[in-house]
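Have a look at the structure below before the remarks.
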Amino acid sequence: MPKLFITKPLSQLMDESKSDQGLRKSLSALNLTTLGIGAVIGAGIFVLTGQAAAQYAGPAIVISFLISGLACLFAGLCYAEFASMIPISGSAYTYAYATMGEFVAWIIGWDLILEYLFAASTVSVGWSGYVVSFLNDFGIIIPAQYTAALGTVLVDIPQVGWKMVTPELVKNLAESGIVVGNLPHLTAVLNLPAMFIVAAITTLLLIGIRESARFNNIMVIIKVFVILLFIGIGFMFVNKDNWVPFIPENTGEWGHYGWSGILRGAGVIFFAYIGFDAVSTAAQEAKNPQKGMPVGILGSLGVSTLLYILVAIVLTGVVSYTFLNVADPIAVGVNAMGEGLFWLRPVIKVAAIAGLSSVILVLLMGQPRIFYSMSKDGLLPPVFSRVHPRFKTPYVSTLITGFFALILAGVLPINILGELVSIGTLLAFTIVCVGIIILRVKRPDIKRAFKTPFVPLVPVLGAGICVLQMMSLPWETWARLLIWMALGIVLYFVYGIHKSKLRNRS
C-alpha cells in the first residue's frame, strides 16, 4: 500500500526529458501561444457562450466568464511553474507523479481522458452545427437525421430549420404561439459531419507536429480576426433591453438563473479554457520549454479571456439570451443584425469552422501525448508509446484517441459531453494547484524558471474556486465522473500496478 503513493524523482524526470529523442522538438514560444489560443478560442465562444446564457446565467454569463477566468489565472500560474520545471509530455499527470504519487497520477491521467478525448468530441459537435448552417446558406442540405446525436429528437421550425427539442425551446416556441407537437419531427441517427472532422484532424496529426502547428496558426489568425470583426460591428447593434434583467431571477431550482445559475454557468463553460492545459502536453516538443511554456500558457489565457468577455457582452446585447440555446449562437447573433449584414454571416461561420477545427486539433494532439507518458511509465501497454519512424508522432495512441472521439462525437449530445469535460478539467486544475504547494514544501531547492507568485495564496484560491465550480455542476455529471473513475481504478489494479516501471525498480 505505501507504494501506491511512490513519487517519481524529479532527477529521473529531467533525465528522461533529455534522453527521450522520440518526439521532434519543433515548437517555438509563438507556436505554443497559438496552440493555446487555438484550443481556448473555439467552443466557448462559438457554442457554449450562447447555450450557457440561455440555460443558466442569462446576460450575466459575463460574470461566469470572469469567475472561470480568475480560476484559470490561478491555475495557469501553477501550470506555468510546473511546465517550466518539468518539461515532459503528460501535463497534470506528470506533475502529480512528481508530487503526490503514482496512484494520484493514474487518477489524474485517467481523468484527463475526460478532458481531452471528450472535449474533442464536444467541439466536433459544435463544428458540425456551423458546417450544416454554412452549407444550408448555399442550398446544400445534409439530411437532418445525420447531423445530431443518436436518438436526438429534432423539429423543423419555420424559417429556422431543424433544431433539437429541449425544454427551453418548447417554452420559447410556446410563447410565440407554436406548439412543438404540431411541427414535423424526426429522430437523429448519427452526427456524420462531427465524425468527419475528427477523422480528418486525426489524419493530420499522424503526419507531424510541425505540419499540425502550421495549420493551427492559420486557423488562429482567421478566427481571431473575424471575432474582432464581430465584436466591432456587433457593438453598433446592441439593444440594452436585452441585458435587462442582467441577472435573471432564479426559477426556484439551483443552477437555473440567479447567482446559482452564474456559478453553474461558470462550471459548464470552464471546459472552454482548457487550452493552456493542452499547451503543457506539448512540453517535450518545445524548443525551449523553460521559457516557452510560461509564455504559451499565460499569453494564450490572457488573450482568450478578454475575447470571451467581449463576445459575451455583444452576443447577449444583440439578441435575447432566450434564443441562444443552439449549436451556432454566433450565427444567430449575426442574423439578428439584419439583412444589411448578410455578407457577415458566411464570414462568421467560416471563422467558427476554422476556430473549432483548431480546437479539435489541439485536443486530439494532447490526449495521445498523455497516453505516451503513461505508457513510458509502464501504466499503459507499450503500444501507446510507439512513435512513427518517419513522422515522429505517437501514431498508435493518436489513432486510438481519434477512433473513440469519432464514435463519441457521432452518438452523444453536446450538453452531456460538455459537462463531463468541465468536471474533468476542474479536477485536473485542482490537483495541479495542490501539487505546487506540496512541491514548494518538499523540494524548495529545485531551480524554477518561472515561479508562481504569492504561494500558497494563489494555488489555494485556484483549487478553491475550481472545487466551488465542481460543486455547482449537476449531480448526474458527478455520477458519471464517479463511474468513470471507478473504471479507471479497476484498470490500474488489474494492469498498471503490476507493470509500473517505477514500482518494479524500487
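Identifiers in the C-alpha cells: chain A, B, ... in order shown; residue index from 1 per chain; ligand index from 1 in order shown.
Excluding stretch 168-172 of chain A itself and same-chain residues fewer than 3 positions from it, the residues having an atom within 10 Å of it are Ala54, Gln55, Lys163, Met164, Val165, Glu175, Ser176, Gly177, Ile178, Val179, Val180, Gly181, Thr322, Phe323, Leu324, Asn325 and Val326 of chain A, counting only C-alpha atoms.
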Check which residues of stretch 409-442 of chain A sit at most 6 Å from stretch 253-274 of chain A using only C-alpha atoms, and return one row each with the closest pair of atoms and their distance in Å to one decimal, ordered by chain and rising number, as a Markdown table.
```
| residue | atom | partner | partner_atom | distance |
| --- | --- | --- | --- | --- |
| A:Glu419 | CA | A:Val268 | CA | 5.7 |
| A:Val421 | CA | A:Phe271 | CA | 5.9 |
| A:Ser422 | CA | A:Phe271 | CA | 4.4 |
```
**Request:** Rank nothing, just name the residue among A:Ile86, A:Leu364, A:Val455, A:Ala105 nearest to A:Asp15, using only C-alpha atoms.
**Result:**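 For A:Asp15, the nearest of the candidates is A:Ile86.
Between A:Ser91 and the candidates A:Leu306, A:Met471, A:Met293, A:Ile370, the tightest atom-to-atom separation, counting only C-alpha atoms, involves A:Ile370.
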**Contacts of stretch 223-236 of chain A within 7 Å, only C-alpha atoms, excl. fewer than 2 positions in-chain, as a list in words** =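 Once the nearby chain positions are removed, what remains is Met219, Val220, Ile221, Val238, Leu310, Val311, Val314, Val318, Ile348, Ala351, Ala352, Ala354 and Gly355 of chain A.
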Kindly export the residues of the current selection with C-alpha atoms, as a PDB file, in the first residue's frame.
```pdb
ATOM      1  CA  MET A 219      -6.806  28.809 -38.233  1.00  0.00           C
ATOM      2  CA  VAL A 220      -6.000  31.055 -35.236  1.00  0.00           C
ATOM      3  CA  ILE A 221      -5.305  34.097 -37.444  1.00  0.00           C
ATOM      4  CA  VAL A 238     -26.576  46.165 -29.163  1.00  0.00           C
ATOM      5  CA  LEU A 310     -16.249  40.931 -25.138  1.00  0.00           C
ATOM      6  CA  VAL A 311     -18.116  38.365 -27.239  1.00  0.00           C
ATOM      7  CA  VAL A 314     -22.014  41.754 -27.562  1.00  0.00           C
ATOM      8  CA  VAL A 318     -27.622  41.830 -29.889  1.00  0.00           C
ATOM      9  CA  ILE A 348     -18.564  34.363 -39.173  1.00  0.00           C
ATOM     10  CA  ALA A 351     -14.272  31.671 -38.786  1.00  0.00           C
ATOM     11  CA  ALA A 352     -16.239  29.396 -36.458  1.00  0.00           C
ATOM     12  CA  ALA A 354     -11.740  27.355 -38.699  1.00  0.00           C
ATOM     13  CA  GLY A 355     -11.705  28.108 -34.976  1.00  0.00           C
TER      14      GLY A 355
END
```
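Every protein, DNA or RNA residue with an atom at most 6 Å from A:Lys287, where only C-alpha atoms count and chain neighbours fewer than 2 positions away do not, is listed here: Lys25, Ser26, Leu27 and Ser28 of chain A.
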**Atom pair atom CA of A:Asn191 / atom CA of A:Gln145: separation (Å)** =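 Result for atom CA of A:Asn191 versus atom CA of A:Gln145: 7.9 Å, one decimal.
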**Prompt:** What gap, in Å, lies between atom CA of A:Ile6 and atom CA of A:Ala98?
**Reply:**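 Interatomic distance here is 8.9 Å.
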**Request:** List every residue of stretch 45-96 of chain A that DSSP, applied to the backbone of this structure, assigns to alpha helix (DSSP H), and report them as a PyMOL selection string.
**Result:** chain A and resi 49-52+61-85+92-96
Please produce an output containing N, CA and C atoms for each residue in the selection, written as an mmCIF file, in the first residue's frame.
```cif
data_model
loop_
_atom_site.group_PDB
_atom_site.id
_atom_site.type_symbol
_atom_site.label_atom_id
_atom_site.label_comp_id
_atom_site.auth_asym_id
_atom_site.auth_seq_id
_atom_site.Cartn_x
_atom_site.Cartn_y
_atom_site.Cartn_z
ATOM 1 N N THR A 49 -21.047 29.800 -25.139
ATOM 2 C CA THR A 49 -21.458 31.117 -24.644
ATOM 3 C C THR A 49 -22.967 31.276 -24.715
ATOM 4 N N GLY A 50 -23.522 30.996 -25.865
ATOM 5 C CA GLY A 50 -24.966 31.130 -26.044
ATOM 6 C C GLY A 50 -25.750 30.122 -25.243
ATOM 7 N N GLN A 51 -25.290 28.871 -25.232
ATOM 8 C CA GLN A 51 -26.038 27.830 -24.538
ATOM 9 C C GLN A 51 -26.041 28.046 -23.024
ATOM 10 N N ALA A 52 -24.906 28.432 -22.460
ATOM 11 C CA ALA A 52 -24.846 28.669 -21.016
ATOM 12 C C ALA A 52 -25.667 29.891 -20.624
ATOM 13 N N ILE A 61 -23.812 35.806 -17.977
ATOM 14 C CA ILE A 61 -22.796 34.855 -18.396
ATOM 15 C C ILE A 61 -21.431 35.540 -18.422
ATOM 16 N N VAL A 62 -21.443 36.880 -18.546
ATOM 17 C CA VAL A 62 -20.195 37.648 -18.486
ATOM 18 C C VAL A 62 -19.513 37.428 -17.128
ATOM 19 N N ILE A 63 -20.317 37.421 -16.052
ATOM 20 C CA ILE A 63 -19.756 37.181 -14.713
ATOM 21 C C ILE A 63 -19.235 35.755 -14.618
ATOM 22 N N SER A 64 -19.944 34.811 -15.255
ATOM 23 C CA SER A 64 -19.485 33.418 -15.266
ATOM 24 C C SER A 64 -18.098 33.318 -15.890
ATOM 25 N N PHE A 65 -17.892 34.051 -16.991
ATOM 26 C CA PHE A 65 -16.582 34.023 -17.641
ATOM 27 C C PHE A 65 -15.508 34.647 -16.755
ATOM 28 N N LEU A 66 -15.880 35.696 -16.027
ATOM 29 C CA LEU A 66 -14.916 36.320 -15.118
ATOM 30 C C LEU A 66 -14.507 35.353 -14.008
ATOM 31 N N ILE A 67 -15.484 34.609 -13.465
ATOM 32 C CA ILE A 67 -15.187 33.642 -12.403
ATOM 33 C C ILE A 67 -14.277 32.542 -12.933
ATOM 34 N N SER A 68 -14.640 31.981 -14.096
ATOM 35 C CA SER A 68 -13.818 30.921 -14.675
ATOM 36 C C SER A 68 -12.440 31.444 -15.065
ATOM 37 N N GLY A 69 -12.402 32.672 -15.604
ATOM 38 C CA GLY A 69 -11.129 33.255 -15.993
ATOM 39 C C GLY A 69 -10.206 33.462 -14.807
ATOM 40 N N LEU A 70 -10.792 33.858 -13.670
ATOM 41 C CA LEU A 70 -9.990 34.059 -12.459
ATOM 42 C C LEU A 70 -9.416 32.731 -11.975
ATOM 43 N N ALA A 71 -10.250 31.695 -11.968
ATOM 44 C CA ALA A 71 -9.767 30.371 -11.562
ATOM 45 C C ALA A 71 -8.671 29.897 -12.505
ATOM 46 N N CYS A 72 -8.843 30.178 -13.797
ATOM 47 C CA CYS A 72 -7.847 29.768 -14.786
ATOM 48 C C CYS A 72 -6.548 30.536 -14.616
ATOM 49 N N LEU A 73 -6.638 31.808 -14.214
ATOM 50 C CA LEU A 73 -5.427 32.585 -13.978
ATOM 51 C C LEU A 73 -4.615 31.954 -12.854
ATOM 52 N N PHE A 74 -5.277 31.618 -11.747
ATOM 53 C CA PHE A 74 -4.587 30.981 -10.626
ATOM 54 C C PHE A 74 -3.999 29.632 -11.043
ATOM 55 N N ALA A 75 -4.829 28.818 -11.722
ATOM 56 C CA ALA A 75 -4.351 27.506 -12.163
ATOM 57 C C ALA A 75 -3.250 27.655 -13.212
ATOM 58 N N GLY A 76 -3.400 28.656 -14.101
ATOM 59 C CA GLY A 76 -2.404 28.875 -15.144
ATOM 60 C C GLY A 76 -1.043 29.232 -14.587
ATOM 61 N N LEU A 77 -1.024 30.015 -13.522
ATOM 62 C CA LEU A 77 0.242 30.356 -12.870
ATOM 63 C C LEU A 77 0.904 29.107 -12.292
ATOM 64 N N CYS A 78 0.087 28.197 -11.751
ATOM 65 C CA CYS A 78 0.632 26.943 -11.214
ATOM 66 C C CYS A 78 1.141 26.049 -12.342
ATOM 67 N N TYR A 79 0.375 25.960 -13.431
ATOM 68 C CA TYR A 79 0.811 25.174 -14.585
ATOM 69 C C TYR A 79 2.132 25.708 -15.136
ATOM 70 N N ALA A 80 2.257 27.054 -15.181
ATOM 71 C CA ALA A 80 3.458 27.665 -15.753
ATOM 72 C C ALA A 80 4.695 27.265 -14.959
ATOM 73 N N GLU A 81 4.580 27.218 -13.621
ATOM 74 C CA GLU A 81 5.729 26.806 -12.804
ATOM 75 C C GLU A 81 6.090 25.352 -13.061
ATOM 76 N N PHE A 82 5.079 24.491 -13.063
ATOM 77 C CA PHE A 82 5.338 23.073 -13.303
ATOM 78 C C PHE A 82 5.939 22.839 -14.691
ATOM 79 N N ALA A 83 5.348 23.485 -15.713
ATOM 80 C CA ALA A 83 5.769 23.255 -17.094
ATOM 81 C C ALA A 83 7.196 23.725 -17.340
ATOM 82 N N SER A 84 7.611 24.814 -16.661
ATOM 83 C CA SER A 84 8.976 25.307 -16.831
ATOM 84 C C SER A 84 9.971 24.457 -16.051
ATOM 85 N N MET A 85 9.480 23.774 -15.024
ATOM 86 C CA MET A 85 10.336 22.973 -14.149
ATOM 87 C C MET A 85 10.425 21.525 -14.622
ATOM 88 N N ALA A 92 -0.727 17.458 -16.309
ATOM 89 C CA ALA A 92 -1.036 17.264 -14.890
ATOM 90 C C ALA A 92 -0.700 15.858 -14.413
ATOM 91 N N TYR A 93 -0.754 14.892 -15.301
ATOM 92 C CA TYR A 93 -0.378 13.517 -14.932
ATOM 93 C C TYR A 93 1.068 13.472 -14.435
ATOM 94 N N THR A 94 1.969 14.068 -15.201
ATOM 95 C CA THR A 94 3.385 14.069 -14.836
ATOM 96 C C THR A 94 3.621 14.854 -13.556
ATOM 97 N N TYR A 95 2.931 16.003 -13.421
ATOM 98 C CA TYR A 95 3.107 16.835 -12.229
ATOM 99 C C TYR A 95 2.648 16.091 -10.973
ATOM 100 N N ALA A 96 1.534 15.367 -11.092
ATOM 101 C CA ALA A 96 1.024 14.605 -9.950
ATOM 102 C C ALA A 96 1.974 13.465 -9.580
#
```
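Distance-wise, atom CA of A:Leu380 and atom CA of A:Gly402 end up 17.5 Å apart.
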